[in-house]
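*Asks:* So I've got this file, data31.txt, and it contains compact mmCIF, C-alpha atoms:
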```txt
# COMPACT_ATOMS: atom_id res chain seq x y z
CA MET A 363 3.62 -1.84 2.33
CA THR A 364 7.21 -0.89 3.05
CA THR A 365 9.96 -3.50 2.77
CA ASP A 366 11.06 -2.61 6.31
CA PRO A 367 7.90 -2.65 8.42
CA LEU A 368 7.67 -2.23 12.17
CA VAL A 369 6.38 -5.58 13.42
CA LEU A 370 4.60 -5.66 16.78
CA TYR A 371 2.87 -8.85 17.99
CA GLY A 372 3.01 -10.16 14.43
CA GLN A 373 1.30 -7.11 12.95
CA SER A 374 3.18 -4.97 10.40
CA PHE A 375 3.12 -1.19 10.32
CA ALA A 376 4.52 0.99 7.54
CA SER A 377 5.50 3.78 9.94
CA ARG A 378 7.78 3.60 12.97
CA LEU A 379 6.24 6.66 14.59
CA LEU A 380 3.39 6.44 17.10
CA LEU A 381 1.69 9.75 17.81
CA GLY A 382 -0.29 11.02 20.80
CA THR A 383 -3.52 12.97 20.37
CA ALA A 384 -3.39 15.28 23.41
CA ARG A 385 -2.56 18.97 23.92
CA TYR A 386 -3.00 20.15 20.31
CA PRO A 387 -4.25 23.70 19.77
CA SER A 388 -7.42 22.38 18.11
CA PRO A 389 -8.95 19.17 16.75
CA ALA A 390 -8.29 20.44 13.23
CA VAL A 391 -4.57 20.80 13.95
CA LEU A 392 -4.51 17.32 15.48
CA GLN A 393 -6.18 15.92 12.39
CA ALA A 394 -3.75 17.69 10.04
CA ALA A 395 -0.73 16.60 12.12
CA VAL A 396 -1.81 12.96 11.96
CA GLN A 397 -2.39 13.24 8.23
CA ARG A 398 1.10 14.70 7.80
CA ALA A 399 2.90 12.17 10.03
CA ARG A 400 0.96 9.09 8.88
CA PRO A 401 1.81 7.28 12.15
CA ALA A 402 1.54 3.55 12.80
CA MET A 403 -0.87 4.19 15.66
CA VAL A 404 -2.38 7.09 17.56
CA THR A 405 -2.81 6.98 21.32
CA ALA A 406 -6.02 7.81 23.15
CA SER A 407 -7.33 7.57 26.69
CA LEU A 408 -10.50 7.23 28.75
CA ARG A 409 -12.00 9.61 31.27
CA ARG A 410 -15.25 10.04 33.18
CA GLN A 411 -18.34 11.38 31.53
CA GLY A 412 -20.21 13.91 33.62
CA ILE A 413 -23.96 13.94 34.24
CA ASN A 414 -25.64 15.13 31.02
CA ALA A 415 -22.35 14.84 29.19
CA THR A 416 -21.70 17.28 26.41
CA ASN A 417 -20.87 15.88 23.01
CA ALA A 418 -17.17 16.77 23.45
CA GLY A 419 -16.28 13.13 23.94
CA ASN A 420 -18.25 12.21 20.90
CA SER A 421 -16.52 14.72 18.66
CA PHE A 422 -13.15 13.27 19.58
CA TRP A 423 -14.50 9.80 18.85
CA GLU A 424 -15.71 10.95 15.43
CA LEU A 425 -12.34 12.55 14.73
CA LEU A 426 -10.54 9.39 15.81
CA LYS A 427 -12.61 7.28 13.44
CA SER A 428 -12.01 9.70 10.57
CA LEU A 429 -8.24 9.37 10.97
CA ALA A 430 -8.39 5.71 9.94
CA VAL A 431 -5.25 4.99 11.99
CA PRO A 432 -5.12 2.11 14.50
CA VAL A 433 -5.79 3.30 18.05
CA LEU A 434 -3.51 2.50 20.95
CA PRO A 435 -5.45 3.18 24.16
CA ASN A 436 -3.44 3.99 27.26
CA THR A 437 -3.92 3.50 30.99
CA ALA A 438 -2.59 6.96 31.82
CA GLY A 439 -3.22 8.07 35.36
CA CYS A 440 -3.40 4.57 36.82
CA HIS A 441 -1.43 4.00 40.01
CA SER A 442 -2.19 0.35 40.76
CA VAL A 443 -2.42 -3.01 39.04
CA GLN A 444 -6.19 -3.12 39.60
CA GLU A 445 -6.75 0.33 38.09
CA ALA A 446 -4.60 -0.47 35.07
CA VAL A 447 -6.23 -3.85 34.40
CA THR A 448 -9.74 -2.40 34.72
CA THR A 449 -8.91 0.56 32.50
CA ALA A 450 -7.44 -1.76 29.89
CA GLN A 451 -10.57 -3.90 29.91
CA MET A 452 -12.74 -0.81 29.50
CA ALA A 453 -10.50 0.44 26.69
CA ARG A 454 -10.76 -2.89 24.88
CA GLU A 455 -14.54 -2.65 24.90
CA VAL A 456 -14.68 1.03 23.90
CA PHE A 457 -12.02 0.99 21.19
CA ASP A 458 -12.57 -2.62 20.13
CA THR A 459 -8.86 -3.38 20.13
CA PRO A 460 -6.50 -5.74 21.97
CA TRP A 461 -3.75 -3.08 21.96
CA ILE A 462 -2.94 -1.35 25.23
CA LYS A 463 -0.22 1.09 26.19
CA LEU A 464 0.29 0.08 29.79
CA GLU A 465 1.14 2.89 32.19
CA VAL A 466 1.27 2.39 35.94
CA ILE A 467 2.64 5.55 37.52
CA GLY A 468 4.75 5.25 40.64
CA ASP A 469 5.63 8.89 41.25
CA ASP A 470 3.39 11.83 40.40
CA TYR A 471 6.19 14.38 40.26
CA THR A 472 8.31 12.63 37.63
CA LEU A 473 5.53 10.39 36.23
CA GLN A 474 8.07 7.62 36.59
CA PRO A 475 6.47 4.23 36.02
CA ASP A 476 6.08 1.83 38.94
CA THR A 477 8.45 -0.88 37.78
CA GLN A 478 7.06 -3.67 39.94
CA GLN A 479 3.36 -3.01 39.39
CA THR A 480 3.87 -2.51 35.65
CA VAL A 481 5.27 -6.03 35.41
CA GLU A 482 2.40 -7.46 37.51
CA ALA A 483 -0.22 -5.68 35.41
CA ALA A 484 1.47 -6.75 32.17
CA ALA A 485 1.42 -10.40 33.24
CA ILE A 486 -2.33 -10.24 33.90
CA LEU A 487 -3.15 -8.39 30.69
CA ILE A 488 -1.11 -10.79 28.57
CA LYS A 489 -3.08 -13.67 30.09
CA TYR A 490 -6.29 -11.80 29.24
CA GLY A 491 -5.21 -11.66 25.59
CA PHE A 492 -4.05 -8.05 25.37
CA GLN A 493 -1.18 -6.92 23.14
CA VAL A 494 0.68 -4.95 25.76
CA LEU A 495 3.08 -2.12 24.97
CA PRO A 496 4.44 -1.22 28.41
CA TYR A 497 5.75 2.25 29.25
CA CYS A 498 8.79 1.60 31.43
CA THR A 499 12.13 3.01 32.51
CA GLU A 500 15.42 2.28 30.78
CA ASP A 501 16.20 -0.32 33.46
CA LEU A 502 17.47 -3.46 31.74
CA VAL A 503 16.17 -5.88 34.34
CA GLN A 504 12.68 -4.35 34.36
CA CYS A 505 12.53 -4.59 30.58
CA GLN A 506 13.65 -8.21 30.79
CA ARG A 507 10.94 -8.97 33.39
CA LEU A 508 8.32 -7.46 31.08
CA ILE A 509 9.54 -9.71 28.29
CA ASP A 510 9.56 -12.70 30.68
CA VAL A 511 5.83 -12.24 31.37
CA GLY A 512 5.03 -12.15 27.64
CA CYS A 513 5.47 -8.60 26.38
CA GLN A 514 6.65 -8.78 22.77
CA ALA A 515 7.89 -5.17 22.83
CA VAL A 516 8.85 -2.66 25.51
CA MET A 517 8.74 1.13 25.58
CA PRO A 518 11.38 2.73 27.81
CA TRP A 519 11.26 6.46 28.43
CA ALA A 520 13.93 8.81 27.11
CA ALA A 521 13.12 11.38 29.79
CA PRO A 522 10.08 12.21 31.93
CA ILE A 523 6.80 12.66 30.04
CA GLY A 524 6.36 16.09 28.50
CA THR A 525 9.86 17.37 29.29
CA GLY A 526 11.25 17.28 25.75
CA ARG A 527 14.76 16.78 27.11
CA GLY A 528 15.71 13.92 24.83
CA PRO A 529 17.57 10.76 25.88
CA MET A 530 18.83 11.34 29.44
CA ASN A 531 20.66 8.04 29.73
CA PRO A 532 22.22 7.16 26.38
CA TYR A 533 24.36 4.41 27.87
CA ALA A 534 21.42 2.50 29.35
CA LEU A 535 19.26 2.95 26.26
CA GLN A 536 21.99 1.64 23.98
CA LEU A 537 22.60 -1.23 26.38
CA LEU A 538 18.94 -2.22 26.05
CA ARG A 539 19.43 -2.51 22.29
CA GLU A 540 22.52 -4.67 22.80
CA ARG A 541 20.87 -6.99 25.29
CA LEU A 542 17.24 -7.32 24.19
CA ASN A 543 15.90 -8.92 21.04
CA VAL A 544 12.32 -7.63 21.09
CA PRO A 545 11.16 -4.43 19.40
CA LEU A 546 12.09 -1.38 21.48
CA LEU A 547 10.20 1.89 21.21
CA VAL A 548 11.24 5.03 23.01
CA ASP A 549 8.18 6.47 24.69
CA ALA A 550 8.21 9.88 26.36
CA GLY A 551 10.67 12.69 26.80
CA LEU A 552 11.63 13.43 23.20
CA GLY A 553 11.61 17.10 22.20
CA LEU A 554 13.33 17.34 18.84
CA PRO A 555 13.39 15.34 15.63
CA SER A 556 17.14 14.91 16.22
CA HIS A 557 16.31 13.03 19.44
CA ALA A 558 14.12 10.66 17.47
CA ALA A 559 16.76 10.19 14.78
CA GLN A 560 19.36 9.54 17.50
CA VAL A 561 17.48 6.69 19.16
CA MET A 562 16.61 5.20 15.77
CA GLU A 563 20.31 5.27 14.88
CA TRP A 564 20.97 3.38 18.12
CA GLY A 565 18.70 0.65 16.81
CA PHE A 566 15.40 1.42 18.44
CA ASP A 567 12.49 0.16 16.37
CA GLY A 568 10.21 3.14 16.80
CA VAL A 569 9.25 6.15 18.87
CA LEU A 570 6.06 7.28 20.56
CA LEU A 571 5.66 10.98 21.19
CA ASN A 572 3.00 13.60 21.72
CA THR A 573 3.99 16.85 23.39
CA ALA A 574 6.97 17.56 21.12
CA VAL A 575 4.56 17.83 18.21
CA ALA A 576 1.46 19.20 19.95
CA LEU A 577 3.22 22.08 21.76
CA SER A 578 5.54 23.07 18.92
CA GLN A 579 4.91 26.38 17.13
CA ASP A 580 3.61 24.53 14.08
CA PRO A 581 2.43 21.04 15.06
CA VAL A 582 1.63 19.99 11.50
CA ALA A 583 5.10 20.86 10.23
CA MET A 584 6.69 19.30 13.33
CA ALA A 585 4.71 16.10 12.81
CA GLY A 586 6.25 15.87 9.36
CA ALA A 587 9.70 16.66 10.71
CA PHE A 588 9.46 13.83 13.26
CA ALA A 589 8.21 11.39 10.63
CA ASP A 590 11.17 12.28 8.41
CA ALA A 591 13.62 12.04 11.33
CA VAL A 592 12.37 8.61 12.36
CA ALA A 593 12.69 7.39 8.78
CA ALA A 594 16.17 8.93 8.43
CA GLY A 595 17.37 7.42 11.70
CA ARG A 596 16.09 4.02 10.70
CA ALA A 597 17.71 4.26 7.25
CA ALA A 598 21.00 5.25 8.90
CA ARG A 599 20.80 2.29 11.28
CA LEU A 600 20.26 -0.09 8.37
CA ALA A 601 23.01 1.57 6.35
CA GLY A 602 25.51 1.17 9.19
CA ALA A 603 27.56 4.09 10.48
CA MET A 604 31.27 4.56 9.76
CA GLU A 605 33.79 3.72 12.43
CA GLN A 606 34.89 6.74 14.47
CA HIS A 607 38.58 7.80 14.49
CA SER A 608 40.47 9.89 17.00
CA SER A 609 42.56 11.78 14.42
CA ALA A 610 41.77 13.58 11.18
CA GLN A 611 41.78 11.63 7.96
CA PRO A 612 41.56 13.64 4.71
CA SER A 613 38.52 12.89 2.65
CA THR A 614 39.99 14.46 -0.50
CA PRO A 615 42.64 12.27 -2.15
CA VAL A 616 46.18 13.30 -1.23
CA LEU A 617 47.77 11.76 -4.32
CA GLY A 618 48.25 14.44 -7.02
CA THR A 619 48.00 17.41 -4.67
CA PRO A 620 49.28 20.53 -6.61
CA PHE A 621 52.83 21.74 -5.83
CA TRP A 622 51.86 24.98 -4.06
CA HIS A 623 50.39 22.98 -1.17
CA HIS A 624 53.79 21.35 -0.71
CA ASP A 625 55.47 24.77 -0.71
CA LYS A 626 53.07 25.98 1.97
CA ALA A 627 53.64 22.88 4.10
CA GLN A 628 57.41 23.43 3.92
CA ALA A 629 57.16 27.14 4.76
CA MET D 379 -29.93 3.33 48.26
CA LYS D 380 -27.19 5.79 47.47
CA ILE D 381 -24.41 5.15 45.01
CA LEU D 382 -21.62 7.30 43.63
CA LEU D 383 -22.17 7.75 39.90
CA ASN D 384 -19.03 9.32 38.42
CA GLN D 385 -18.34 10.71 41.88
CA GLN D 386 -21.80 12.25 42.29
CA SER D 387 -24.06 10.94 45.04
CA THR D 388 -27.12 9.45 43.35
CA ASP D 389 -30.32 7.87 44.74
CA LEU D 390 -31.50 4.63 43.22
CA PRO D 391 -34.20 2.14 44.27
CA ALA D 392 -33.14 -1.13 45.85
CA GLN D 393 -32.32 -3.84 43.31
CA ALA D 394 -31.30 -1.23 40.72
CA SER D 395 -28.92 -2.44 38.04
CA VAL D 396 -26.05 -0.85 36.19
CA GLN D 397 -28.51 -0.29 33.36
CA ASP D 398 -30.76 1.71 35.72
CA ALA D 399 -27.82 3.88 36.77
CA LEU D 400 -26.89 4.47 33.15
CA ALA D 401 -30.44 5.61 32.42
CA LEU D 402 -29.86 8.51 34.82
CA LEU D 403 -26.53 9.48 33.30
CA ALA D 404 -27.56 9.00 29.66
CA PRO D 405 -23.96 8.74 28.45
CA ARG D 406 -23.26 9.09 24.77
CA PRO D 407 -21.71 5.99 23.22
CA PRO D 408 -19.09 4.73 23.18
CA PHE D 409 -18.48 4.30 26.90
CA ALA D 410 -17.50 1.61 29.37
CA VAL D 411 -18.42 0.90 32.97
CA ALA D 412 -16.66 -0.19 36.15
CA VAL D 413 -18.22 -0.80 39.56
CA ASN D 414 -15.89 -0.49 42.54
CA THR D 415 -12.94 -0.47 40.08
CA VAL D 416 -14.01 -3.77 38.50
CA PHE D 417 -14.92 -3.77 34.78
CA VAL D 418 -18.54 -4.58 33.95
CA PRO D 419 -19.00 -5.76 30.33
CA LYS D 420 -21.90 -4.31 28.33
CA ALA D 421 -23.77 -7.61 28.31
CA GLN D 422 -23.96 -7.53 32.13
CA TYR D 423 -25.56 -4.07 32.52
CA PRO D 424 -29.10 -5.42 33.10
CA SER D 425 -28.04 -8.27 35.38
CA HIS D 426 -25.39 -6.54 37.49
CA LEU D 427 -27.29 -5.34 40.56
CA LEU D 428 -25.89 -2.45 42.55
CA GLN D 429 -25.40 -2.28 46.31
CA ASP D 430 -25.65 0.71 48.61
CA GLY D 431 -22.37 2.62 48.51
CA ASP D 432 -21.21 1.23 45.16
CA ARG D 433 -18.95 3.45 43.08
CA VAL D 434 -19.95 3.40 39.42
CA GLU D 435 -17.57 4.87 36.86
CA VAL D 436 -18.62 5.60 33.29
CA ILE D 437 -15.76 6.56 31.02
CA ALA D 438 -15.49 7.67 27.41
CA PRO D 439 -12.71 8.31 24.87
CA VAL D 440 -10.54 11.40 25.28
CA THR D 441 -7.25 12.52 23.80
CA GLY D 442 -4.17 10.91 25.27
CA GLY D 443 -0.45 10.52 24.92
```
Before we go any further, please render this structure as structure tokens.
*Replies:*
Amino acid sequence: MTTDPLVLYGQSFASRLLLGTARYPSPAVLQAAVQRARPAMVTASLRRQGINATNAGNSFWELLKSLAVPVLPNTAGCHSVQEAVTTAQMAREVFDTPWIKLEVIGDDYTLQPDTQQTVEAAAILIKYGFQVLPYCTEDLVQCQRLIDVGCQAVMPWAAPIGTGRGPMNPYALQLLRERLNVPLLVDAGLGLPSHAAQVMEWGFDGVLLNTAVALSQDPVAMAGAFADAVAAGRAARLAGAMEQHSSAQPSTPVLGTPFWHHDKAQA
Amino acid sequence: MKILLNQQSTDLPAQASVQDALALLAPRPPFAVAVNTVFVPKAQYPSHLLQDGDRVEVIAPVTGG
């Protein structure tokens, strides 16, 4: 185990990257991407089975088991507290896990979370014994309310789901890090490994992403690139960045500069 | 009585249980069930009796973000 694990609800993870399983070109590419990234968790969801269901659902289940990575079920598509709580209960039975990525959508166009209902659903799920990772906005007060009801980590978006735009509100995201003492994971909106490195440098504890890997030209290579970027950003955060200056400061020693430079300066 | 089984209108005898509805659908494990958006644990499938107009949802793992 790493000496710098991601700790969520008392459980340690060697990686600080959580990876989604949707939108890959094929199950084989998904499998290879997960093997390359070695994420802390992979996300999954639940949907209806039709009459005389095909074995498509089963093949994903078999793939998921073969990955040997903890599963983080989500409540994607839920628009109310009741839907989210019921979906979480169903997910706990299917995946045999207390983990839940709580999503309660308030606006279908932006997929912006419903701040009020997310807090209400989180409070119920915490009481039911779930380990809730709530998808939320970068709103400081909403994040604080989620913590107040028992969430031991929060997951603000960087930008709307699937946009790949990177952090849209750097000020608010950095403010969250200043003000909150729980693990913070950026969930949604990242498009580039540099976005992931950026938020890790700001002090975020991890990132959750899906589309940026799945819809890249080479998802397996991009999965590796994101894993490296998350690790680099974290290492930089721990190392501590230099102080910025407004004027140039020579990095090469000035003492002992050869005479011709002086001649040029005087010319 | 008529119920909605994963949004399809389905005829079932009176006093039918969740287990009876599942026998028609024959879902492949793993799956989970809700009736009228309320979770029904596995252990309650035989004892949870359905009412006319009930909405039964059977869901299974899929990819997700």
*Asks:* Do you have, as a Markdown table, the list of residues of stretch 398-432 of chain D lying at most 12 Å from stretch 400-408 of chain A, each with its nearest atom pair and that distance in Å to one decimal, counting all atoms listed in the file and ordered by chain then number?
*Replies:*
```
| residue | atom | partner | partner_atom | distance |
| --- | --- | --- | --- | --- |
| D:Pro408 | CA | A:Leu408 | CA | 10.5 |
| D:Phe409 | CA | A:Leu408 | CA | 8.7 |
| D:Ala410 | CA | A:Leu408 | CA | 9.0 |
| D:Val411 | CA | A:Leu408 | CA | 11.0 |
```
*Asks:* Only C-alpha atoms, please: the residues just picked out, written as an mmCIF file, keeping the file's coordinate frame.
*Replies:*
```
data_model
loop_
_atom_site.group_PDB
_atom_site.id
_atom_site.type_symbol
_atom_site.label_atom_id
_atom_site.label_comp_id
_atom_site.auth_asym_id
_atom_site.auth_seq_id
_atom_site.Cartn_x
_atom_site.Cartn_y
_atom_site.Cartn_z
ATOM 1 C CA PRO D 408 -19.090 4.730 23.180
ATOM 2 C CA PHE D 409 -18.480 4.300 26.900
ATOM 3 C CA ALA D 410 -17.500 1.610 29.370
ATOM 4 C CA VAL D 411 -18.420 0.900 32.970
#
```
*Asks:* Point out the residue among A:Met452, A:Val616, A:Pro545, A:Ala446 with the least atom-to-atom distance to D:Val436, counting only C-alpha atoms.
*Replies:* A:Met452
*Asks:* Show me, as a count of residues only, every residue of chain A with an atom at most 8 Å from chain D, counting all atoms listed in the file.
*Replies:* 36
*Asks:* Name all residues at most 9 Å from stretch 594-605 of chain A (count all atoms listed in the file; drop same-chain ones fewer than 6 positions away) and give them as a list in words.
*Replies:*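 Everything that qualifies: Arg378, Ser556, Ala558, Ala559, Gln560, Val561, Met562, Glu563, Trp564, Gly565, Phe566, Asp567 and Gly568 of chain A.
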*Asks:* How many Å separate atom CA of D:Leu382 from atom CA of D:Arg433?
*Replies:*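 Separating atom CA of D:Leu382 from atom CA of D:Arg433 is a distance of 4.7 Å.
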*Asks:* Which one of A:Ile467, A:Leu502, A:Leu370, A:Val511 sits closest to A:Ile486 if you count all atoms listed in the file?
*Replies:* A:Val511
*Asks:* Which of these, A:Met530, A:Val544, A:Phe492, A:Ser578, has the shortest distance to A:Val516 once you count all atoms listed in the file?
*Replies:*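 When distances to A:Val516 are compared using all atoms listed in the file, the smallest one comes from A:Val544.
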*Asks:* One decimal, Å: what's the distance from atom CA of A:Cys440 over to atom CA of A:Tyr490, could you say?
*Replies:*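 Computing it gives 18.3 Å between the two atoms.
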*Asks:* Can you measure atom CA of A:Arg541 to atom CA of A:Leu464 for me? One decimal in Å is fine.
*Replies:*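 That distance, rounded to one decimal, is 22.2 Å.
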